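Here's entry16.json, which has JSON, N, CA, C and O atoms:
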```
[["chain", "number", "residue", "atom", "x", "y", "z"],
["A", 45, "MET", "N", 22.91, -59.06, -31.90],
["A", 45, "MET", "CA", 23.07, -58.42, -33.19],
["A", 45, "MET", "C", 22.57, -56.98, -33.08],
["A", 45, "MET", "O", 21.60, -56.70, -32.41],
["A", 46, "LYS", "N", 23.27, -56.09, -33.77],
["A", 46, "LYS", "CA", 22.89, -54.69, -33.80],
["A", 46, "LYS", "C", 22.86, -54.24, -35.26],
["A", 46, "LYS", "O", 23.70, -54.66, -36.05],
["A", 47, "CYS", "N", 21.91, -53.40, -35.60],
["A", 47, "CYS", "CA", 21.85, -52.92, -36.98],
["A", 47, "CYS", "C", 21.77, -51.39, -36.98],
["A", 47, "CYS", "O", 21.43, -50.76, -35.98],
["A", 48, "ASP", "N", 22.11, -50.81, -38.13],
["A", 48, "ASP", "CA", 21.97, -49.38, -38.35],
["A", 48, "ASP", "C", 20.76, -49.15, -39.23],
["A", 48, "ASP", "O", 20.59, -49.84, -40.25],
["A", 49, "ILE", "N", 19.94, -48.19, -38.86],
["A", 49, "ILE", "CA", 18.78, -47.81, -39.66],
["A", 49, "ILE", "C", 19.04, -46.39, -40.15],
["A", 49, "ILE", "O", 19.16, -45.47, -39.35],
["A", 50, "ILE", "N", 19.14, -46.25, -41.47],
["A", 50, "ILE", "CA", 19.46, -44.96, -42.09],
["A", 50, "ILE", "C", 18.18, -44.34, -42.63],
["A", 50, "ILE", "O", 17.44, -44.99, -43.38],
["A", 51, "ILE", "N", 17.93, -43.08, -42.24],
["A", 51, "ILE", "CA", 16.75, -42.37, -42.72],
["A", 51, "ILE", "C", 17.17, -40.99, -43.22],
["A", 51, "ILE", "O", 17.51, -40.12, -42.41],
["A", 52, "PRO", "N", 17.15, -40.77, -44.54],
["A", 52, "PRO", "CA", 17.37, -39.41, -45.04],
["A", 52, "PRO", "C", 16.06, -38.63, -44.86],
["A", 52, "PRO", "O", 14.98, -39.16, -45.12],
["A", 53, "ILE", "N", 16.18, -37.39, -44.39],
["A", 53, "ILE", "CA", 14.98, -36.62, -44.05],
["A", 53, "ILE", "C", 15.01, -35.26, -44.72],
["A", 53, "ILE", "O", 15.98, -34.51, -44.57],
["A", 54, "TRP", "N", 13.95, -34.95, -45.44],
["A", 54, "TRP", "CA", 13.78, -33.63, -46.03],
["A", 54, "TRP", "C", 12.30, -33.27, -45.95],
["A", 54, "TRP", "O", 11.48, -33.79, -46.70],
["A", 55, "GLY", "N", 11.96, -32.44, -44.98],
["A", 55, "GLY", "CA", 10.57, -32.05, -44.79],
["A", 55, "GLY", "C", 9.76, -33.17, -44.16],
["A", 55, "GLY", "O", 10.30, -34.16, -43.68],
["A", 56, "GLN", "N", 8.47, -32.98, -44.15],
["A", 56, "GLN", "CA", 7.54, -34.02, -43.68],
["A", 56, "GLN", "C", 7.74, -34.39, -42.22],
["A", 56, "GLN", "O", 7.95, -35.55, -41.88],
["A", 57, "LEU", "N", 7.62, -33.41, -41.33],
["A", 57, "LEU", "CA", 7.81, -33.66, -39.89],
["A", 57, "LEU", "C", 6.89, -34.76, -39.39],
["A", 57, "LEU", "O", 7.34, -35.69, -38.72],
["A", 58, "GLU", "N", 5.61, -34.70, -39.70],
["A", 58, "GLU", "CA", 4.67, -35.70, -39.17],
["A", 58, "GLU", "C", 4.98, -37.09, -39.71],
["A", 58, "GLU", "O", 4.94, -38.07, -38.97],
["A", 59, "LEU", "N", 5.32, -37.20, -40.97],
["A", 59, "LEU", "CA", 5.67, -38.49, -41.56],
["A", 59, "LEU", "C", 6.96, -39.03, -40.92],
["A", 59, "LEU", "O", 7.06, -40.22, -40.61],
["A", 60, "THR", "N", 7.92, -38.15, -40.69],
["A", 60, "THR", "CA", 9.17, -38.54, -40.03],
["A", 60, "THR", "C", 8.89, -39.04, -38.61],
["A", 60, "THR", "O", 9.41, -40.07, -38.19],
["A", 61, "ARG", "N", 8.06, -38.32, -37.90],
["A", 61, "ARG", "CA", 7.70, -38.70, -36.53],
["A", 61, "ARG", "C", 7.04, -40.08, -36.51],
["A", 61, "ARG", "O", 7.40, -40.94, -35.71],
["A", 62, "ARG", "N", 6.09, -40.31, -37.41],
["A", 62, "ARG", "CA", 5.39, -41.60, -37.46],
["A", 62, "ARG", "C", 6.35, -42.73, -37.83],
["A", 62, "ARG", "O", 6.26, -43.84, -37.29],
["A", 63, "CYS", "N", 7.28, -42.45, -38.75],
["A", 63, "CYS", "CA", 8.27, -43.46, -39.15],
["A", 63, "CYS", "C", 9.12, -43.87, -37.95],
["A", 63, "CYS", "O", 9.31, -45.07, -37.69],
["A", 64, "ILE", "N", 9.63, -42.90, -37.23],
["A", 64, "ILE", "CA", 10.51, -43.19, -36.09],
["A", 64, "ILE", "C", 9.73, -43.86, -34.97],
["A", 64, "ILE", "O", 10.22, -44.81, -34.35],
["A", 65, "GLU", "N", 8.50, -43.44, -34.72],
["A", 65, "GLU", "CA", 7.67, -44.10, -33.70],
["A", 65, "GLU", "C", 7.43, -45.56, -34.07],
["A", 65, "GLU", "O", 7.42, -46.43, -33.20],
["A", 66, "SER", "N", 7.23, -45.84, -35.35],
["A", 66, "SER", "CA", 7.02, -47.21, -35.80],
["A", 66, "SER", "C", 8.27, -48.06, -35.60],
["A", 66, "SER", "O", 8.19, -49.22, -35.17],
["A", 67, "ILE", "N", 9.42, -47.48, -35.88],
["A", 67, "ILE", "CA", 10.68, -48.20, -35.65],
["A", 67, "ILE", "C", 10.83, -48.53, -34.17],
["A", 67, "ILE", "O", 11.15, -49.66, -33.80],
["A", 68, "ILE", "N", 10.56, -47.57, -33.31],
["A", 68, "ILE", "CA", 10.67, -47.79, -31.87],
["A", 68, "ILE", "C", 9.72, -48.89, -31.41],
["A", 68, "ILE", "O", 10.09, -49.78, -30.63],
["A", 69, "LYS", "N", 8.51, -48.87, -31.92],
["A", 69, "LYS", "CA", 7.48, -49.82, -31.49],
["A", 69, "LYS", "C", 7.73, -51.24, -32.00],
["A", 69, "LYS", "O", 7.49, -52.21, -31.27],
["A", 70, "PHE", "N", 8.21, -51.38, -33.23],
["A", 70, "PHE", "CA", 8.23, -52.69, -33.86],
["A", 70, "PHE", "C", 9.61, -53.30, -34.06],
["A", 70, "PHE", "O", 9.72, -54.43, -34.54],
["A", 71, "THR", "N", 10.68, -52.60, -33.71],
["A", 71, "THR", "CA", 12.02, -53.15, -33.91],
["A", 71, "THR", "C", 12.48, -53.85, -32.64],
["A", 71, "THR", "O", 12.62, -53.22, -31.59],
["A", 72, "ASP", "N", 12.73, -55.15, -32.76],
["A", 72, "ASP", "CA", 13.07, -55.96, -31.61],
["A", 72, "ASP", "C", 14.56, -56.18, -31.42],
["A", 72, "ASP", "O", 14.99, -56.69, -30.40],
["A", 73, "VAL", "N", 15.36, -55.84, -32.41],
["A", 73, "VAL", "CA", 16.80, -56.00, -32.29],
["A", 73, "VAL", "C", 17.43, -54.68, -31.88],
["A", 73, "VAL", "O", 16.83, -53.62, -32.02],
["A", 74, "SER", "N", 18.62, -54.74, -31.36],
["A", 74, "SER", "CA", 19.35, -53.53, -31.00],
["A", 74, "SER", "C", 19.70, -52.76, -32.27],
["A", 74, "SER", "O", 20.12, -53.36, -33.27],
["A", 75, "TYR", "N", 19.52, -51.45, -32.23],
["A", 75, "TYR", "CA", 19.76, -50.66, -33.44],
["A", 75, "TYR", "C", 20.29, -49.28, -33.10],
["A", 75, "TYR", "O", 20.19, -48.81, -31.98],
["A", 76, "ARG", "N", 20.85, -48.66, -34.13],
["A", 76, "ARG", "CA", 21.26, -47.26, -34.07],
["A", 76, "ARG", "C", 20.55, -46.54, -35.19],
["A", 76, "ARG", "O", 20.49, -47.04, -36.32],
["A", 77, "LEU", "N", 19.99, -45.39, -34.89],
["A", 77, "LEU", "CA", 19.36, -44.56, -35.92],
["A", 77, "LEU", "C", 20.39, -43.60, -36.49],
["A", 77, "LEU", "O", 21.05, -42.88, -35.74],
["A", 78, "ILE", "N", 20.54, -43.60, -37.80],
["A", 78, "ILE", "CA", 21.37, -42.61, -38.47],
["A", 78, "ILE", "C", 20.43, -41.75, -39.29],
["A", 78, "ILE", "O", 19.84, -42.22, -40.28],
["A", 79, "LEU", "N", 20.24, -40.52, -38.84],
["A", 79, "LEU", "CA", 19.29, -39.61, -39.46],
["A", 79, "LEU", "C", 20.06, -38.54, -40.24],
["A", 79, "LEU", "O", 20.91, -37.86, -39.68],
["A", 80, "VAL", "N", 19.76, -38.42, -41.52],
["A", 80, "VAL", "CA", 20.43, -37.43, -42.36],
["A", 80, "VAL", "C", 19.47, -36.27, -42.59],
["A", 80, "VAL", "O", 18.47, -36.40, -43.29],
["A", 81, "ASP", "N", 19.77, -35.16, -41.95],
["A", 81, "ASP", "CA", 18.98, -33.93, -42.06],
["A", 81, "ASP", "C", 19.42, -33.21, -43.33],
["A", 81, "ASP", "O", 20.49, -32.64, -43.39],
["A", 82, "ASN", "N", 18.57, -33.24, -44.34],
["A", 82, "ASN", "CA", 18.90, -32.65, -45.63],
["A", 82, "ASN", "C", 18.40, -31.21, -45.74],
["A", 82, "ASN", "O", 17.62, -30.87, -46.62],
["A", 83, "GLY", "N", 18.84, -30.35, -44.83],
["A", 83, "GLY", "CA", 18.49, -28.93, -44.88],
["A", 83, "GLY", "C", 17.06, -28.66, -44.48],
["A", 83, "GLY", "O", 16.33, -27.97, -45.20],
["A", 84, "ASN", "N", 16.65, -29.17, -43.34],
["A", 84, "ASN", "CA", 15.27, -29.03, -42.88],
["A", 84, "ASN", "C", 15.01, -27.73, -42.15],
["A", 84, "ASN", "O", 15.92, -26.98, -41.83],
["A", 85, "THR", "N", 13.73, -27.52, -41.85],
["A", 85, "THR", "CA", 13.30, -26.35, -41.10],
["A", 85, "THR", "C", 13.73, -26.47, -39.64],
["A", 85, "THR", "O", 14.09, -27.55, -39.16],
["A", 86, "TYR", "N", 13.66, -25.37, -38.92],
["A", 86, "TYR", "CA", 14.03, -25.35, -37.51],
["A", 86, "TYR", "C", 13.19, -26.36, -36.72],
["A", 86, "TYR", "O", 13.72, -27.08, -35.87],
["A", 87, "GLU", "N", 11.91, -26.42, -36.99],
["A", 87, "GLU", "CA", 11.01, -27.31, -36.25],
["A", 87, "GLU", "C", 11.44, -28.77, -36.40],
["A", 87, "GLU", "O", 11.51, -29.52, -35.42],
["A", 88, "LEU", "N", 11.77, -29.17, -37.61],
["A", 88, "LEU", "CA", 12.19, -30.55, -37.83],
["A", 88, "LEU", "C", 13.58, -30.80, -37.25],
["A", 88, "LEU", "O", 13.82, -31.84, -36.63],
["A", 89, "LYS", "N", 14.49, -29.86, -37.40],
["A", 89, "LYS", "CA", 15.83, -29.99, -36.80],
["A", 89, "LYS", "C", 15.71, -30.15, -35.28],
["A", 89, "LYS", "O", 16.39, -30.97, -34.68],
["A", 90, "ASN", "N", 14.85, -29.36, -34.68],
["A", 90, "ASN", "CA", 14.64, -29.41, -33.23],
["A", 90, "ASN", "C", 14.09, -30.78, -32.81],
["A", 90, "ASN", "O", 14.53, -31.36, -31.81],
["A", 91, "TYR", "N", 13.14, -31.31, -33.57],
["A", 91, "TYR", "CA", 12.59, -32.64, -33.30],
["A", 91, "TYR", "C", 13.70, -33.69, -33.33],
["A", 91, "TYR", "O", 13.80, -34.53, -32.43],
["A", 92, "LEU", "N", 14.55, -33.63, -34.35],
["A", 92, "LEU", "CA", 15.62, -34.62, -34.48],
["A", 92, "LEU", "C", 16.60, -34.52, -33.32],
["A", 92, "LEU", "O", 17.02, -35.54, -32.76],
["A", 93, "ARG", "N", 16.97, -33.32, -32.94],
["A", 93, "ARG", "CA", 17.92, -33.14, -31.84],
["A", 93, "ARG", "C", 17.34, -33.65, -30.52],
["A", 93, "ARG", "O", 18.06, -34.21, -29.69],
["A", 94, "ASN", "N", 16.05, -33.45, -30.31],
["A", 94, "ASN", "CA", 15.42, -33.92, -29.08],
["A", 94, "ASN", "C", 15.29, -35.43, -29.03],
["A", 94, "ASN", "O", 15.15, -36.00, -27.94],
["A", 95, "LEU", "N", 15.31, -36.08, -30.16],
["A", 95, "LEU", "CA", 15.24, -37.55, -30.19],
["A", 95, "LEU", "C", 16.38, -38.17, -29.42],
["A", 95, "LEU", "O", 16.22, -39.16, -28.72],
["A", 96, "GLU", "N", 17.56, -37.58, -29.57],
["A", 96, "GLU", "CA", 18.74, -38.11, -28.88],
["A", 96, "GLU", "C", 18.52, -38.19, -27.38],
["A", 96, "GLU", "O", 18.99, -39.11, -26.73],
["A", 97, "LYS", "N", 17.80, -37.22, -26.83],
["A", 97, "LYS", "CA", 17.57, -37.17, -25.39],
["A", 97, "LYS", "C", 16.47, -38.14, -24.95],
["A", 97, "LYS", "O", 16.49, -38.64, -23.84],
["A", 98, "LYS", "N", 15.51, -38.41, -25.85],
["A", 98, "LYS", "CA", 14.34, -39.19, -25.48],
["A", 98, "LYS", "C", 14.48, -40.69, -25.69],
["A", 98, "LYS", "O", 13.85, -41.47, -25.00],
["A", 99, "LEU", "N", 15.29, -41.08, -26.65],
["A", 99, "LEU", "CA", 15.34, -42.50, -27.02],
["A", 99, "LEU", "C", 16.35, -43.28, -26.20],
["A", 99, "LEU", "O", 17.37, -42.76, -25.78],
["A", 100, "ASN", "N", 16.07, -44.55, -26.07],
["A", 100, "ASN", "CA", 16.96, -45.46, -25.36],
["A", 100, "ASN", "C", 17.80, -46.23, -26.37],
["A", 100, "ASN", "O", 17.98, -47.43, -26.26],
["A", 101, "THR", "N", 18.28, -45.53, -27.36],
["A", 101, "THR", "CA", 19.15, -46.11, -28.37],
["A", 101, "THR", "C", 20.09, -45.03, -28.89],
["A", 101, "THR", "O", 19.86, -43.84, -28.66],
["A", 102, "GLU", "N", 21.12, -45.44, -29.57],
["A", 102, "GLU", "CA", 22.07, -44.47, -30.13],
["A", 102, "GLU", "C", 21.43, -43.78, -31.34],
["A", 102, "GLU", "O", 20.82, -44.42, -32.19],
["A", 103, "VAL", "N", 21.59, -42.47, -31.39],
["A", 103, "VAL", "CA", 21.09, -41.67, -32.52],
["A", 103, "VAL", "C", 22.24, -40.83, -33.05],
["A", 103, "VAL", "O", 22.89, -40.11, -32.30],
["A", 104, "LEU", "N", 22.50, -40.95, -34.34],
["A", 104, "LEU", "CA", 23.51, -40.13, -35.00],
["A", 104, "LEU", "C", 22.79, -39.25, -36.00],
["A", 104, "LEU", "O", 22.04, -39.75, -36.85],
["A", 105, "ILE", "N", 23.00, -37.94, -35.89],
["A", 105, "ILE", "CA", 22.37, -36.99, -36.82],
["A", 105, "ILE", "C", 23.46, -36.37, -37.68],
["A", 105, "ILE", "O", 24.42, -35.81, -37.16],
["A", 106, "ILE", "N", 23.29, -36.47, -38.97],
["A", 106, "ILE", "CA", 24.17, -35.81, -39.93],
["A", 106, "ILE", "C", 23.40, -34.62, -40.47],
["A", 106, "ILE", "O", 22.32, -34.78, -41.03],
["A", 107, "GLU", "N", 23.93, -33.43, -40.27],
["A", 107, "GLU", "CA", 23.22, -32.22, -40.69],
["A", 107, "GLU", "C", 23.83, -31.61, -41.94],
["A", 107, "GLU", "O", 25.03, -31.35, -41.99],
["A", 108, "ASN", "N", 22.99, -31.41, -42.94],
["A", 108, "ASN", "CA", 23.39, -30.72, -44.16],
["A", 108, "ASN", "C", 22.67, -29.38, -44.21],
["A", 108, "ASN", "O", 21.52, -29.28, -43.77],
["A", 109, "ASN", "N", 23.31, -28.38, -44.78],
["A", 109, "ASN", "CA", 22.69, -27.06, -44.90],
["A", 109, "ASN", "C", 21.68, -26.98, -46.03],
["A", 109, "ASN", "O", 20.88, -26.05, -46.08],
["A", 110, "GLU", "N", 21.74, -27.95, -46.93],
["A", 110, "GLU", "CA", 20.81, -27.98, -48.06],
["A", 110, "GLU", "C", 20.47, -29.42, -48.40],
["A", 110, "GLU", "O", 21.13, -30.35, -47.93],
["A", 111, "ASN", "N", 19.46, -29.60, -49.22],
["A", 111, "ASN", "CA", 19.05, -30.93, -49.63],
["A", 111, "ASN", "C", 20.04, -31.45, -50.67],
["A", 111, "ASN", "O", 20.09, -30.96, -51.79],
["A", 112, "LEU", "N", 20.83, -32.44, -50.29],
["A", 112, "LEU", "CA", 21.82, -33.02, -51.18],
["A", 112, "LEU", "C", 21.27, -34.18, -51.99],
["A", 112, "LEU", "O", 21.97, -34.75, -52.81],
["A", 113, "GLY", "N", 20.04, -34.56, -51.71],
["A", 113, "GLY", "CA", 19.42, -35.67, -52.41],
["A", 113, "GLY", "C", 19.58, -36.99, -51.68],
["A", 113, "GLY", "O", 20.40, -37.12, -50.77],
["A", 114, "TYR", "N", 18.79, -37.95, -52.09],
["A", 114, "TYR", "CA", 18.71, -39.25, -51.43],
["A", 114, "TYR", "C", 20.04, -40.00, -51.48],
["A", 114, "TYR", "O", 20.54, -40.48, -50.45],
["A", 115, "ILE", "N", 20.63, -40.12, -52.66],
["A", 115, "ILE", "CA", 21.84, -40.93, -52.81],
["A", 115, "ILE", "C", 23.00, -40.36, -51.99],
["A", 115, "ILE", "O", 23.70, -41.10, -51.28],
["A", 116, "LYS", "N", 23.21, -39.05, -52.03],
["A", 116, "LYS", "CA", 24.30, -38.46, -51.25],
["A", 116, "LYS", "C", 24.04, -38.62, -49.75],
["A", 116, "LYS", "O", 24.97, -38.86, -48.98],
["A", 117, "ALA", "N", 22.78, -38.49, -49.34],
["A", 117, "ALA", "CA", 22.44, -38.67, -47.92],
["A", 117, "ALA", "C", 22.75, -40.09, -47.46],
["A", 117, "ALA", "O", 23.34, -40.30, -46.40],
["A", 118, "ILE", "N", 22.37, -41.08, -48.26],
["A", 118, "ILE", "CA", 22.65, -42.47, -47.92],
["A", 118, "ILE", "C", 24.15, -42.71, -47.87],
["A", 118, "ILE", "O", 24.66, -43.35, -46.95],
["A", 119, "ASN", "N", 24.88, -42.18, -48.84],
["A", 119, "ASN", "CA", 26.33, -42.36, -48.85],
["A", 119, "ASN", "C", 27.00, -41.71, -47.66],
["A", 119, "ASN", "O", 27.94, -42.26, -47.09],
["A", 120, "GLN", "N", 26.50, -40.52, -47.23],
["A", 120, "GLN", "CA", 27.04, -39.89, -46.03],
["A", 120, "GLN", "C", 26.85, -40.81, -44.82],
["A", 120, "GLN", "O", 27.76, -40.96, -44.00],
["A", 121, "ALA", "N", 25.67, -41.39, -44.71],
["A", 121, "ALA", "CA", 25.38, -42.27, -43.58],
["A", 121, "ALA", "C", 26.24, -43.54, -43.64],
["A", 121, "ALA", "O", 26.75, -43.99, -42.61],
["A", 122, "LEU", "N", 26.39, -44.10, -44.82],
["A", 122, "LEU", "CA", 27.20, -45.32, -44.95],
["A", 122, "LEU", "C", 28.64, -45.10, -44.55],
["A", 122, "LEU", "O", 29.30, -46.02, -44.06],
["A", 123, "GLU", "N", 29.14, -43.89, -44.72],
["A", 123, "GLU", "CA", 30.51, -43.58, -44.28],
["A", 123, "GLU", "C", 30.64, -43.67, -42.77],
["A", 123, "GLU", "O", 31.74, -43.89, -42.26],
["A", 124, "LYS", "N", 29.54, -43.52, -42.04],
["A", 124, "LYS", "CA", 29.56, -43.56, -40.57],
["A", 124, "LYS", "C", 29.36, -44.96, -40.01],
["A", 124, "LYS", "O", 29.51, -45.17, -38.82],
["A", 125, "VAL", "N", 28.97, -45.90, -40.86],
["A", 125, "VAL", "CA", 28.71, -47.26, -40.41],
["A", 125, "VAL", "C", 30.04, -47.93, -40.07],
["A", 125, "VAL", "O", 30.99, -47.88, -40.84],
["A", 126, "LYS", "N", 30.10, -48.54, -38.92],
["A", 126, "LYS", "CA", 31.35, -49.18, -38.45],
["A", 126, "LYS", "C", 31.47, -50.58, -38.99],
["A", 126, "LYS", "O", 30.59, -51.29, -39.18]]
```
Written as structure tokens, that's how I'd like the structure from this file.
Amino acid sequence: MKCDIIIPIWGQLELTRRCIESIIKFTDVSYRLILVDNGNTYELKNYLRNLEKKLNTEVLIIENNENLGYIKAINQALEKVK
């Protein structure tokens, strides 16, 4: 079984990092991370892009130029779910 984990992100680099580290540590099933970048800073964008290289799982990043809000971010991600 494989699941998609959707995380809309706006700010909070350290909280985002801890959330993703927790998923890596405690998720025992195969998964894909769908990260919705809601117009973040360069530092956070850079962190998200580097995740793709570091993780042993599929990572999909949806980048928005501005914060579209939680509901639109979730809906964007759901459109990518197979």
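Residue nearest A:Asp81, chosen from A:Thr101, A:Ser66, A:Thr60, A:Leu112 and counting all atoms listed in the file: A:Leu112.
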Helix (DSSP H, G or I) call set, DSSP backbone run, chain A, as a ChimeraX atom specification: /A:57-70,86-98,114-124
I need the residues from that last selection saved to file as a compact mmCIF listing (two decimals), in the frame of the given file (with N, CA, C and O atoms), if you can.
```
# COMPACT_ATOMS: atom_id res chain seq x y z
N LEU A 57 7.62 -33.41 -41.33
CA LEU A 57 7.81 -33.66 -39.89
C LEU A 57 6.89 -34.76 -39.39
O LEU A 57 7.34 -35.69 -38.72
N GLU A 58 5.61 -34.70 -39.70
CA GLU A 58 4.67 -35.70 -39.17
C GLU A 58 4.98 -37.09 -39.71
O GLU A 58 4.94 -38.07 -38.97
N LEU A 59 5.32 -37.20 -40.97
CA LEU A 59 5.67 -38.49 -41.56
C LEU A 59 6.96 -39.03 -40.92
O LEU A 59 7.06 -40.22 -40.61
N THR A 60 7.92 -38.15 -40.69
CA THR A 60 9.17 -38.54 -40.03
C THR A 60 8.89 -39.04 -38.61
O THR A 60 9.41 -40.07 -38.19
N ARG A 61 8.06 -38.32 -37.90
CA ARG A 61 7.70 -38.70 -36.53
C ARG A 61 7.04 -40.08 -36.51
O ARG A 61 7.40 -40.94 -35.71
N ARG A 62 6.09 -40.31 -37.41
CA ARG A 62 5.39 -41.60 -37.46
C ARG A 62 6.35 -42.73 -37.83
O ARG A 62 6.26 -43.84 -37.29
N CYS A 63 7.28 -42.45 -38.75
CA CYS A 63 8.27 -43.46 -39.15
C CYS A 63 9.12 -43.87 -37.95
O CYS A 63 9.31 -45.07 -37.69
N ILE A 64 9.63 -42.90 -37.23
CA ILE A 64 10.51 -43.19 -36.09
C ILE A 64 9.73 -43.86 -34.97
O ILE A 64 10.22 -44.81 -34.35
N GLU A 65 8.50 -43.44 -34.72
CA GLU A 65 7.67 -44.10 -33.70
C GLU A 65 7.43 -45.56 -34.07
O GLU A 65 7.42 -46.43 -33.20
N SER A 66 7.23 -45.84 -35.35
CA SER A 66 7.02 -47.21 -35.80
C SER A 66 8.27 -48.06 -35.60
O SER A 66 8.19 -49.22 -35.17
N ILE A 67 9.42 -47.48 -35.88
CA ILE A 67 10.68 -48.20 -35.65
C ILE A 67 10.83 -48.53 -34.17
O ILE A 67 11.15 -49.66 -33.80
N ILE A 68 10.56 -47.57 -33.31
CA ILE A 68 10.67 -47.79 -31.87
C ILE A 68 9.72 -48.89 -31.41
O ILE A 68 10.09 -49.78 -30.63
N LYS A 69 8.51 -48.87 -31.92
CA LYS A 69 7.48 -49.82 -31.49
C LYS A 69 7.73 -51.24 -32.00
O LYS A 69 7.49 -52.21 -31.27
N PHE A 70 8.21 -51.38 -33.23
CA PHE A 70 8.23 -52.69 -33.86
C PHE A 70 9.61 -53.30 -34.06
O PHE A 70 9.72 -54.43 -34.54
N TYR A 86 13.66 -25.37 -38.92
CA TYR A 86 14.03 -25.35 -37.51
C TYR A 86 13.19 -26.36 -36.72
O TYR A 86 13.72 -27.08 -35.87
N GLU A 87 11.91 -26.42 -36.99
CA GLU A 87 11.01 -27.31 -36.25
C GLU A 87 11.44 -28.77 -36.40
O GLU A 87 11.51 -29.52 -35.42
N LEU A 88 11.77 -29.17 -37.61
CA LEU A 88 12.19 -30.55 -37.83
C LEU A 88 13.58 -30.80 -37.25
O LEU A 88 13.82 -31.84 -36.63
N LYS A 89 14.49 -29.86 -37.40
CA LYS A 89 15.83 -29.99 -36.80
C LYS A 89 15.71 -30.15 -35.28
O LYS A 89 16.39 -30.97 -34.68
N ASN A 90 14.85 -29.36 -34.68
CA ASN A 90 14.64 -29.41 -33.23
C ASN A 90 14.09 -30.78 -32.81
O ASN A 90 14.53 -31.36 -31.81
N TYR A 91 13.14 -31.31 -33.57
CA TYR A 91 12.59 -32.64 -33.30
C TYR A 91 13.70 -33.69 -33.33
O TYR A 91 13.80 -34.53 -32.43
N LEU A 92 14.55 -33.63 -34.35
CA LEU A 92 15.62 -34.62 -34.48
C LEU A 92 16.60 -34.52 -33.32
O LEU A 92 17.02 -35.54 -32.76
N ARG A 93 16.97 -33.32 -32.94
CA ARG A 93 17.92 -33.14 -31.84
C ARG A 93 17.34 -33.65 -30.52
O ARG A 93 18.06 -34.21 -29.69
N ASN A 94 16.05 -33.45 -30.31
CA ASN A 94 15.42 -33.92 -29.08
C ASN A 94 15.29 -35.43 -29.03
O ASN A 94 15.15 -36.00 -27.94
N LEU A 95 15.31 -36.08 -30.16
CA LEU A 95 15.24 -37.55 -30.19
C LEU A 95 16.38 -38.17 -29.42
O LEU A 95 16.22 -39.16 -28.72
N GLU A 96 17.56 -37.58 -29.57
CA GLU A 96 18.74 -38.11 -28.88
C GLU A 96 18.52 -38.19 -27.38
O GLU A 96 18.99 -39.11 -26.73
N LYS A 97 17.80 -37.22 -26.83
CA LYS A 97 17.57 -37.17 -25.39
C LYS A 97 16.47 -38.14 -24.95
O LYS A 97 16.49 -38.64 -23.84
N LYS A 98 15.51 -38.41 -25.85
CA LYS A 98 14.34 -39.19 -25.48
C LYS A 98 14.48 -40.69 -25.69
O LYS A 98 13.85 -41.47 -25.00
N TYR A 114 18.79 -37.95 -52.09
CA TYR A 114 18.71 -39.25 -51.43
C TYR A 114 20.04 -40.00 -51.48
O TYR A 114 20.54 -40.48 -50.45
N ILE A 115 20.63 -40.12 -52.66
CA ILE A 115 21.84 -40.93 -52.81
C ILE A 115 23.00 -40.36 -51.99
O ILE A 115 23.70 -41.10 -51.28
N LYS A 116 23.21 -39.05 -52.03
CA LYS A 116 24.30 -38.46 -51.25
C LYS A 116 24.04 -38.62 -49.75
O LYS A 116 24.97 -38.86 -48.98
N ALA A 117 22.78 -38.49 -49.34
CA ALA A 117 22.44 -38.67 -47.92
C ALA A 117 22.75 -40.09 -47.46
O ALA A 117 23.34 -40.30 -46.40
N ILE A 118 22.37 -41.08 -48.26
CA ILE A 118 22.65 -42.47 -47.92
C ILE A 118 24.15 -42.71 -47.87
O ILE A 118 24.66 -43.35 -46.95
N ASN A 119 24.88 -42.18 -48.84
CA ASN A 119 26.33 -42.36 -48.85
C ASN A 119 27.00 -41.71 -47.66
O ASN A 119 27.94 -42.26 -47.09
N GLN A 120 26.50 -40.52 -47.23
CA GLN A 120 27.04 -39.89 -46.03
C GLN A 120 26.85 -40.81 -44.82
O GLN A 120 27.76 -40.96 -44.00
N ALA A 121 25.67 -41.39 -44.71
CA ALA A 121 25.38 -42.27 -43.58
C ALA A 121 26.24 -43.54 -43.64
O ALA A 121 26.75 -43.99 -42.61
N LEU A 122 26.39 -44.10 -44.82
CA LEU A 122 27.20 -45.32 -44.95
C LEU A 122 28.64 -45.10 -44.55
O LEU A 122 29.30 -46.02 -44.06
N GLU A 123 29.14 -43.89 -44.72
CA GLU A 123 30.51 -43.58 -44.28
C GLU A 123 30.64 -43.67 -42.77
O GLU A 123 31.74 -43.89 -42.26
N LYS A 124 29.54 -43.52 -42.04
CA LYS A 124 29.56 -43.56 -40.57
C LYS A 124 29.36 -44.96 -40.01
O LYS A 124 29.51 -45.17 -38.82
```
Atom CA of A:Gln120 to atom CA of A:Leu77, distance in Å rounded to a single decimal: 13.5 Å
Tell me which protein, DNA and RNA residues are within 8 Å of A:Trp54, counting all atoms listed in the file, leaving out same-chain ones fewer than 6 positions away, and put them as a compact mmCIF listing (two decimals) with N, CA, C and O atoms, in the coordinates of the input.
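The resulting file, out18.txt, is reproduced below:
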```
# COMPACT_ATOMS: atom_id res chain seq x y z
N VAL A 80 19.76 -38.42 -41.52
CA VAL A 80 20.43 -37.43 -42.36
C VAL A 80 19.47 -36.27 -42.59
O VAL A 80 18.47 -36.40 -43.29
N ASP A 81 19.77 -35.16 -41.95
CA ASP A 81 18.98 -33.93 -42.06
C ASP A 81 19.42 -33.21 -43.33
O ASP A 81 20.49 -32.64 -43.39
N ASN A 82 18.57 -33.24 -44.34
CA ASN A 82 18.90 -32.65 -45.63
C ASN A 82 18.40 -31.21 -45.74
O ASN A 82 17.62 -30.87 -46.62
N GLY A 83 18.84 -30.35 -44.83
CA GLY A 83 18.49 -28.93 -44.88
C GLY A 83 17.06 -28.66 -44.48
O GLY A 83 16.33 -27.97 -45.20
N ASN A 84 16.65 -29.17 -43.34
CA ASN A 84 15.27 -29.03 -42.88
C ASN A 84 15.01 -27.73 -42.15
O ASN A 84 15.92 -26.98 -41.83
N THR A 85 13.73 -27.52 -41.85
CA THR A 85 13.30 -26.35 -41.10
C THR A 85 13.73 -26.47 -39.64
O THR A 85 14.09 -27.55 -39.16
N ASN A 111 19.46 -29.60 -49.22
CA ASN A 111 19.05 -30.93 -49.63
C ASN A 111 20.04 -31.45 -50.67
O ASN A 111 20.09 -30.96 -51.79
```
